[in-house]
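Participant: After the structure tokens below, expect a handful of questions from me.
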Amino acid sequence: MNAPMSGPMTALGKLVRTTAFKLTFAYLFIFTVFAFVGLGYVAWNAQRLLTEQFIATIESEIDSLSTQYRFGGLRRLVNSVERRSRAPGALLYLVTTETGERIAGNVGALPPEVLGRTGQFETLYNRTDETGTRPDAAIVRVYLLPGGFRLLVGRDIEERRRLQEIIRRAFGYSLLFIGVLGCLGGWFITRRVLKRVDDMTDITRHIMAGDLGGRLKVAGTGDELDRLAQNLNAMLDRIGELMRGMQEVSDNIAHDLKTPLTRLRNKADEALRTARTSDELKAALEGTIEESDNLIRIFNALLMIARLEAGNARENLADFDAAEAVRDVAELYEALAEEAGVGLEVSVEDSLPVHGSRELLGQAMANLLDNALKYGASPEASARTIAVSARRLDGEVQVVVADRGPGIPETERGRVLERFVRLETARSRPGFGLGLSLAAAVARLHGGTLRLEDNEPGLRVVLALPLKAVDVPQPTLQSAA
Amino acid sequence: MRILIIEDDREAASYLVKAFREAGHVADHAADGLDGYAMAEAGDYDVLVVDRMLPKLDGLSLIRSLREQKVETPVLILSALGQVDDRVKGLRAGGDDYLPKPYAFSELLARVEVLARRRTSAPSAEPTVYRIADLELDRLSHRVTRAGQEIVLQPREFRLLEYLMKNANQVVTRTMLLEHVWDYHFDPQTNVIDVHVSRLRAKIDKGFDKPLIHTIRGAGYMVRVGTEGDEE
């Protein structure tokens, strides 16, 4: 049943296509991006803070040294610089002449252009006591002293570089950590979640293979997968129901169509054997046509019920007023009822908006009225009435057809809604046993129900349809009179 | 009356052609959608009878194409599909009437004849007063008189008589009456329609020696002068 996709599937291709792989990959990617952004932000901020601190130190140093120069001249400055240069953990100092000749300080080699500029920048340098080694990086500020001398104060930023190193390493570790965690998460998801999906797939495959009794396991956790399993199970129940319905219908069709078909055949056969005059033949032919028309009616009704149950008619539903539809059909049958000596009492509330099919509701109503006229006749002349009503009740539109006839025993009420079921007492009258089935199918299509109740005496059929919610907001109490 | 039958089932088509000819009409047949389209566009037909499911070009597309080409010949759609929602689709595509299979030929014939008549009389030319013999129906004032005498009708009875008189001298079936007077499309299984017609008849024909509302056996009703074919 699972046709292979185009081309042979490699093991890797299979792996890449699994949801587990995709999920794991997605998690990894997202976490990596987060870690990168987070660590990057920390690193950038730390750097900025450090640099600010360095600059502040350098500036206060320059301030103090230039004060020294101002009060004590070059000598005092040189003394100060010499002394400070020797202190442990000293900053970088350099005092030069205008032409760049070194007077004092602990900075040895410098790129030549550095002293030509003033202001603050980063550069490479060597201390006087460590000539020949690799130059280090520093942030320096060159200050032009009155008299043409230049004062350079700087700070080694090796520390900053070390911090960067630490952060970089932290990033490496966290990548590793995320990778391991992501893979573990992926593994967990595969094991715990997708395993259940795979189980579902297996079970559905079994069910598709013909074991319609199979049901999915519900873990009881109430999560999405449980809901999915419950819905799939409900769907399987419904399919099973429909299948049983189909089975029953085809059995019934076979049985119930056999009778009229046999009658049709016998009539034709008899006419062929016994009819002598053309009038007799004509009558026999008319009889067979009538029988076939009945068969066609049965087929049409069956087809219609089948289509309603399949929900095919749903796309053409519209809003309409059930009150009007009920009144129309009642009016259509009123003449027939009067002819039969039955009074039709119609009481319909105004405006009963329903979403559905006026046509189908009309047909269902016609069936109910047909039945009421056919089977609901009471022998007592005083009780020969059929009551038709439509009203709103508990968010429903209740269409009721009630007669005063013999009614239907409670035990039979469920059964008569099935196709082709006719009560023994009704066998002698014309009909196919499809009218109530059709009305029930119409009710179901509208999301409603068809109920049979005791009218004490008589039968009371309640066709309940959901009332269409009115779009306009409910008016407040001061409704217009 | 010239009728074109576009139907791919040979047996059904030849039955229809024969039956229409027996009823005194000219009937042609096309076996697929493309042939049907070409014939309908070229020929001067009064009515097209189109099966919904056709090879090469399906019935609804055929009707849509004809309407785009401004071919306004009335179309009756025959369909084996159920009647719940297909009628709407068929009429939306430009069909004028719709008949689900299986059907009685008398029903098809009555509908085709009504469609053909509609073609010859433009809707604007529809008179405001229908007259048959001494019976008059005024569509504007909603008054009905016979031999100058006013007859009081219920609104539904008025619409029933109006539809019968609009199609005077033509057979109108029970299903057509349910469709046009009550706007329901199901098969009136019991004699609901007959009861309404006989009530109407009691008001229109009672006390007059020439009945105007006639029952056509096995088909329906007809309003006309004269009694031949009447089987009461």
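Labeling convention for the structure tokens: chains A, B, ... as they appear, residues from 1 per chain, ligands from 1 in order of appearance.
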Name all residues at most 8 Å from B:His25 (count only C-alpha atoms; drop same-chain ones fewer than 5 positions away) and give them as a list in words.
Facilitator: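 Final neighbour list, sorted by chain and number: Met1, Arg2, Ile3 and Phe20 of chain B.
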Participant: If we count only C-alpha atoms, which residues of chain B reach to within 12 Å of chain A? Please list them as a PyMOL selection string.
Facilitator: chain B and resi 80-89+100-105+154-157+160+177-179+181-200+217-218
Participant: Skip B:Glu150 itself and residues of its chain fewer than 2 positions away, then list as number ranges by chain all residues within 12 Å of it, counting only C-alpha atoms.
Facilitator: B: 134-138, 142-148, 152-153, 203-204
Participant: Take the residues from that selection and write them out as an mmCIF file, in the first residue's frame, keeping C-alpha atoms.
Facilitator:
data_model
loop_
_atom_site.group_PDB
_atom_site.id
_atom_site.type_symbol
_atom_site.label_atom_id
_atom_site.label_comp_id
_atom_site.auth_asym_id
_atom_site.auth_seq_id
_atom_site.Cartn_x
_atom_site.Cartn_y
_atom_site.Cartn_z
ATOM 1 C CA ASP B 134 -64.739 33.298 -21.798
ATOM 2 C CA LEU B 135 -62.197 32.877 -18.994
ATOM 3 C CA GLU B 136 -59.981 35.845 -18.215
ATOM 4 C CA LEU B 137 -57.103 36.192 -15.788
ATOM 5 C CA ASP B 138 -55.631 39.628 -15.130
ATOM 6 C CA HIS B 142 -55.208 39.500 -9.757
ATOM 7 C CA ARG B 143 -58.807 39.264 -10.972
ATOM 8 C CA VAL B 144 -60.325 36.223 -12.606
ATOM 9 C CA THR B 145 -63.614 36.350 -14.440
ATOM 10 C CA ARG B 146 -65.577 33.851 -16.430
ATOM 11 C CA ALA B 147 -68.318 35.083 -18.729
ATOM 12 C CA GLY B 148 -67.977 38.440 -17.049
ATOM 13 C CA VAL B 152 -62.683 34.569 -6.125
ATOM 14 C CA LEU B 153 -59.514 32.477 -5.868
ATOM 15 C CA LYS B 203 -64.483 27.108 -9.098
ATOM 16 C CA ILE B 204 -63.733 27.613 -12.796
#
Participant: Identify, on the basis of only C-alpha atoms, every residue whose closest approach to stretch 133-139 of chain A does not exceed 12 Å; exclude the query and any residue fewer than 5 positions from it along the same chain; express the result as a PyMOL selection string.
Facilitator: chain A and resi 50-59+91-93+107-111+114+119-128+152-162
Participant: Next, dump the selected residues to file, keeping only N, CA and C atoms, as a short mmCIF file (atom, residue, chain, number, x, y, z; two decimals), in the first residue's frame.
Facilitator:
data_model
loop_
_atom_site.label_atom_id
_atom_site.label_comp_id
_atom_site.auth_asym_id
_atom_site.auth_seq_id
_atom_site.Cartn_x
_atom_site.Cartn_y
_atom_site.Cartn_z
N LEU A 50 35.16 46.97 29.10
CA LEU A 50 36.60 46.95 29.35
C LEU A 50 37.28 48.14 28.69
N THR A 51 36.95 48.32 27.40
CA THR A 51 37.57 49.40 26.64
C THR A 51 37.26 50.75 27.29
N GLU A 52 36.01 50.93 27.68
CA GLU A 52 35.64 52.19 28.34
C GLU A 52 36.48 52.41 29.58
N GLN A 53 36.64 51.33 30.34
CA GLN A 53 37.41 51.42 31.58
C GLN A 53 38.87 51.78 31.27
N PHE A 54 39.43 51.13 30.24
CA PHE A 54 40.83 51.41 29.84
C PHE A 54 40.98 52.88 29.50
N ILE A 55 40.04 53.37 28.69
CA ILE A 55 40.15 54.75 28.23
C ILE A 55 40.07 55.71 29.40
N ALA A 56 39.17 55.39 30.34
CA ALA A 56 39.03 56.25 31.51
C ALA A 56 40.35 56.30 32.29
N THR A 57 40.98 55.13 32.48
CA THR A 57 42.26 55.06 33.20
C THR A 57 43.31 55.92 32.50
N ILE A 58 43.40 55.70 31.16
CA ILE A 58 44.39 56.43 30.38
C ILE A 58 44.17 57.91 30.51
N GLU A 59 42.90 58.33 30.45
CA GLU A 59 42.62 59.75 30.48
C GLU A 59 42.99 60.40 31.80
N LEU A 91 51.10 50.98 33.49
CA LEU A 91 50.58 51.28 32.18
C LEU A 91 51.74 51.49 31.25
N LEU A 92 51.44 51.87 30.02
CA LEU A 92 52.53 52.15 29.08
C LEU A 92 52.73 53.66 29.03
N TYR A 93 53.97 54.08 29.08
CA TYR A 93 54.29 55.51 29.05
C TYR A 93 55.37 55.76 28.04
N VAL A 107 57.93 52.13 26.91
CA VAL A 107 57.61 51.60 25.58
C VAL A 107 58.84 51.63 24.73
N GLY A 108 59.18 50.51 24.14
CA GLY A 108 60.35 50.44 23.29
C GLY A 108 59.95 50.73 21.86
N ALA A 109 59.74 49.65 21.12
CA ALA A 109 59.42 49.82 19.69
C ALA A 109 57.97 50.20 19.51
N LEU A 110 57.73 51.04 18.52
CA LEU A 110 56.37 51.45 18.17
C LEU A 110 56.33 51.62 16.67
N PRO A 111 55.25 51.36 16.05
CA PRO A 111 55.20 51.70 14.62
C PRO A 111 55.48 53.18 14.48
N VAL A 114 52.87 56.18 14.72
CA VAL A 114 52.01 56.35 15.88
C VAL A 114 52.15 57.73 16.50
N GLY A 119 45.58 61.75 19.74
CA GLY A 119 44.27 61.12 19.95
C GLY A 119 44.42 59.67 20.36
N GLN A 120 43.37 58.94 20.24
CA GLN A 120 43.34 57.61 20.83
C GLN A 120 43.17 56.55 19.76
N PHE A 121 43.98 55.53 19.82
CA PHE A 121 43.86 54.43 18.85
C PHE A 121 44.51 53.18 19.39
N GLU A 122 44.34 52.10 18.62
CA GLU A 122 44.96 50.84 19.02
C GLU A 122 46.19 50.61 18.19
N THR A 123 47.23 50.06 18.80
CA THR A 123 48.46 49.84 18.07
C THR A 123 49.21 48.65 18.66
N LEU A 124 50.30 48.28 17.98
CA LEU A 124 51.18 47.22 18.51
C LEU A 124 52.40 47.87 19.13
N TYR A 125 52.97 47.22 20.11
CA TYR A 125 54.13 47.83 20.76
C TYR A 125 55.02 46.75 21.35
N ASN A 126 56.23 47.18 21.77
CA ASN A 126 57.11 46.33 22.57
C ASN A 126 57.59 47.14 23.76
N ARG A 127 57.65 46.46 24.88
CA ARG A 127 58.20 47.16 26.03
C ARG A 127 59.72 47.27 25.89
N THR A 128 60.29 48.22 26.62
CA THR A 128 61.75 48.39 26.53
C THR A 128 62.48 47.17 27.06
N LEU A 152 52.71 59.83 25.51
CA LEU A 152 51.86 58.70 25.15
C LEU A 152 51.56 57.89 26.39
N VAL A 153 50.28 57.67 26.62
CA VAL A 153 49.89 56.76 27.71
C VAL A 153 49.03 55.67 27.08
N GLY A 154 49.31 54.46 27.51
CA GLY A 154 48.52 53.38 26.91
C GLY A 154 48.27 52.26 27.88
N ARG A 155 47.43 51.33 27.44
CA ARG A 155 47.19 50.17 28.29
C ARG A 155 47.20 48.93 27.41
N ASP A 156 47.87 47.96 27.94
CA ASP A 156 47.93 46.69 27.22
C ASP A 156 46.51 46.11 27.16
N ILE A 157 46.14 45.58 25.98
CA ILE A 157 44.79 44.99 25.92
C ILE A 157 44.87 43.48 25.75
N GLU A 158 45.97 42.95 26.15
CA GLU A 158 46.11 41.49 26.18
C GLU A 158 44.97 40.86 26.97
N GLU A 159 44.60 41.52 28.05
CA GLU A 159 43.53 41.07 28.93
C GLU A 159 42.22 40.90 28.14
N ARG A 160 41.98 41.92 27.30
CA ARG A 160 40.75 41.90 26.53
C ARG A 160 40.77 40.72 25.57
N ARG A 161 41.97 40.51 25.01
CA ARG A 161 42.11 39.39 24.08
C ARG A 161 41.87 38.07 24.80
N ARG A 162 42.35 38.01 26.05
CA ARG A 162 42.14 36.77 26.82
C ARG A 162 40.66 36.53 27.08
#
Participant: Using DSSP secondary structure from the backbone, list all strand (DSSP E) positions within stretch 68-213 of chain B, as a VMD selection string.
Facilitator: chain B and resid 75 to 79 97 to 100 129 to 132 135 to 138 143 to 146 149 to 151 172 to 173 213
Participant: Using the selection just defined, write its residues with N, CA and C atoms as a compact mmCIF listing (two decimals), in the first residue's frame.
Facilitator:
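Writing the result to part.txt gives the following:
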# COMPACT_ATOMS: atom_id res chain seq x y z
N VAL B 75 -32.58 24.96 -23.17
CA VAL B 75 -31.93 23.67 -22.94
C VAL B 75 -32.61 22.96 -21.79
N LEU B 76 -32.91 21.67 -22.01
CA LEU B 76 -33.38 20.83 -20.91
C LEU B 76 -32.27 19.83 -20.60
N ILE B 77 -31.86 19.78 -19.34
CA ILE B 77 -30.77 18.90 -18.96
C ILE B 77 -31.34 17.59 -18.43
N LEU B 78 -30.81 16.50 -18.95
CA LEU B 78 -31.16 15.18 -18.43
C LEU B 78 -30.00 14.71 -17.58
N SER B 79 -30.30 14.16 -16.42
CA SER B 79 -29.17 13.74 -15.61
C SER B 79 -29.49 12.49 -14.83
N ASP B 97 -34.20 23.96 -17.90
CA ASP B 97 -35.00 23.03 -17.11
C ASP B 97 -34.13 21.80 -16.86
N TYR B 98 -34.58 20.99 -15.92
CA TYR B 98 -33.74 19.90 -15.47
C TYR B 98 -34.63 18.72 -15.16
N LEU B 99 -34.27 17.56 -15.66
CA LEU B 99 -35.08 16.37 -15.42
C LEU B 99 -34.16 15.22 -15.03
N PRO B 100 -34.33 14.70 -13.81
CA PRO B 100 -33.46 13.58 -13.43
C PRO B 100 -33.93 12.28 -14.07
N VAL B 129 -53.00 40.01 -19.54
CA VAL B 129 -54.27 39.31 -19.34
C VAL B 129 -54.27 38.04 -20.19
N TYR B 130 -54.52 36.91 -19.53
CA TYR B 130 -54.64 35.64 -20.27
C TYR B 130 -56.13 35.42 -20.55
N ARG B 131 -56.41 34.97 -21.78
CA ARG B 131 -57.81 34.70 -22.13
C ARG B 131 -57.93 33.34 -22.78
N ILE B 132 -58.87 32.54 -22.30
CA ILE B 132 -59.22 31.28 -22.95
C ILE B 132 -60.74 31.24 -22.96
N LEU B 135 -62.94 32.77 -20.26
CA LEU B 135 -62.20 32.88 -18.99
C LEU B 135 -61.08 33.91 -19.14
N GLU B 136 -61.00 34.80 -18.17
CA GLU B 136 -59.98 35.85 -18.22
C GLU B 136 -59.23 35.91 -16.89
N LEU B 137 -57.91 36.05 -17.00
CA LEU B 137 -57.10 36.19 -15.79
C LEU B 137 -56.22 37.42 -15.96
N ASP B 138 -56.42 38.40 -15.07
CA ASP B 138 -55.63 39.63 -15.13
C ASP B 138 -54.48 39.50 -14.15
N ARG B 143 -57.39 39.55 -10.87
CA ARG B 143 -58.81 39.26 -10.97
C ARG B 143 -59.04 38.17 -12.00
N VAL B 144 -59.96 37.28 -11.67
CA VAL B 144 -60.32 36.22 -12.61
C VAL B 144 -61.82 36.33 -12.86
N THR B 145 -62.19 36.32 -14.12
CA THR B 145 -63.61 36.35 -14.44
C THR B 145 -63.92 35.27 -15.46
N ARG B 146 -65.12 34.74 -15.38
CA ARG B 146 -65.58 33.85 -16.43
C ARG B 146 -66.95 34.33 -16.86
N GLN B 149 -68.30 37.13 -15.02
CA GLN B 149 -68.59 36.93 -13.61
C GLN B 149 -67.29 36.76 -12.84
N GLU B 150 -67.10 37.51 -11.76
CA GLU B 150 -65.84 37.39 -11.03
C GLU B 150 -65.78 36.09 -10.24
N ILE B 151 -64.60 35.46 -10.28
CA ILE B 151 -64.39 34.23 -9.51
C ILE B 151 -63.32 34.53 -8.46
N VAL B 172 -49.37 20.16 -18.97
CA VAL B 172 -48.59 20.56 -17.81
C VAL B 172 -48.63 19.41 -16.82
N THR B 173 -47.46 18.90 -16.43
CA THR B 173 -47.45 17.72 -15.55
C THR B 173 -47.59 18.14 -14.09
N ILE B 213 -60.54 23.20 -17.91
CA ILE B 213 -59.39 22.48 -17.33
C ILE B 213 -59.59 21.00 -17.58
Participant: Once DSSP has gone over the backbone, tell me which residues of stretch 69-119 of chain B are in alpha helix (DSSP H), as a list of chain:residue names.
Facilitator: B:Gln83, B:Val84, B:Asp85, B:Asp86, B:Arg87, B:Val88, B:Lys89, B:Gly90, B:Leu91, B:Arg92, B:Phe105, B:Ser106, B:Glu107, B:Leu108, B:Leu109, B:Ala110, B:Arg111, B:Val112, B:Glu113, B:Val114, B:Leu115, B:Ala116, B:Arg117, B:Arg118, B:Arg119
Participant: Record the distance separating atom CA of A:Val193 and atom CA of A:Asp223, expressed in Å with one decimal.
Facilitator: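 Between atom CA of A:Val193 and atom CA of A:Asp223 the gap works out to 10.7 Å.
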Participant: Skip B:Pro74 itself and residues of its chain fewer than 6 positions away, then list as JSON, numbers by chain all residues within 8 Å of it, counting only C-alpha atoms.
Facilitator: {"B": [46, 47, 48, 95, 96, 115, 116, 119]}
Participant: I'd like the neighbourhood of A:Leu77 as a ChimeraX atom specification, where a residue qualifies if any of its atoms comes within 8 Å (using only C-alpha atoms), though same-chain residues fewer than 3 positions away should be ignored.
Facilitator: /A:65-66,68-69,72-74,80-81
Participant: For atom CA of A:Leu39 and atom CA of A:Leu163, quote the distance in Å rounded to one decimal.
Facilitator: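 Interatomic distance here is 12.3 Å.
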Participant: How many Å separate atom CA of B:Leu62 from atom CA of B:Ser106?
Facilitator: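 Atom-to-atom, atom CA of B:Leu62 to atom CA of B:Ser106, that is 25.6 Å.
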Participant: Compile the contact shell of stretch 405-411 of chain A as a list of chain:residue names: residues with an atom at most 9 Å away, counting only C-alpha atoms, same-chain residues fewer than 4 positions apart removed.
Facilitator: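 The residues satisfying every condition are A:Ala372, A:Tyr375, A:Gly376, A:Ala377, A:Ser378, A:Pro379, A:Ala383, A:Arg384, A:Arg415, A:Val416, A:Leu423, A:Leu452, A:Glu453, A:Asp454, A:Asn455, A:Glu456, A:Pro457, A:Gly458, A:Leu459, A:Arg460.
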Participant: Write a file of the just-selected residues containing C-alpha atoms, as a PDB file, in the first residue's frame.
Facilitator:
ATOM      1  CA  ALA A 372     -49.948  10.946   8.925  1.00  0.00           C
ATOM      2  CA  TYR A 375     -51.568   5.673   8.815  1.00  0.00           C
ATOM      3  CA  GLY A 376     -52.724   8.292  11.288  1.00  0.00           C
ATOM      4  CA  ALA A 377     -56.415   8.090  10.541  1.00  0.00           C
ATOM      5  CA  SER A 378     -58.460   7.473  13.631  1.00  0.00           C
ATOM      6  CA  PRO A 379     -61.789   5.707  13.300  1.00  0.00           C
ATOM      7  CA  ALA A 383     -60.336  12.847  16.431  1.00  0.00           C
ATOM      8  CA  ARG A 384     -59.629  13.088  12.750  1.00  0.00           C
ATOM      9  CA  ARG A 415     -36.757   0.377  13.858  1.00  0.00           C
ATOM     10  CA  VAL A 416     -39.225   2.256  11.656  1.00  0.00           C
ATOM     11  CA  LEU A 423     -45.004  -2.193  10.515  1.00  0.00           C
ATOM     12  CA  LEU A 452     -40.933   9.681  17.347  1.00  0.00           C
ATOM     13  CA  GLU A 453     -43.047  10.312  20.402  1.00  0.00           C
ATOM     14  CA  ASP A 454     -46.348   9.255  21.848  1.00  0.00           C
ATOM     15  CA  ASN A 455     -49.129  11.734  21.113  1.00  0.00           C
ATOM     16  CA  GLU A 456     -51.454   9.937  23.583  1.00  0.00           C
ATOM     17  CA  PRO A 457     -53.018   8.662  21.459  1.00  0.00           C
ATOM     18  CA  GLY A 458     -51.300   8.814  18.113  1.00  0.00           C
ATOM     19  CA  LEU A 459     -47.879   9.462  16.735  1.00  0.00           C
ATOM     20  CA  ARG A 460     -45.974  12.677  17.208  1.00  0.00           C
TER      21      ARG A 460
END
Participant: With distances taken over only C-alpha atoms, which of B:Met165, B:His29, B:Phe158, B:Thr175 is nearest to B:Glu107?
Facilitator: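 For B:Glu107, the nearest of the candidates is B:Thr175.
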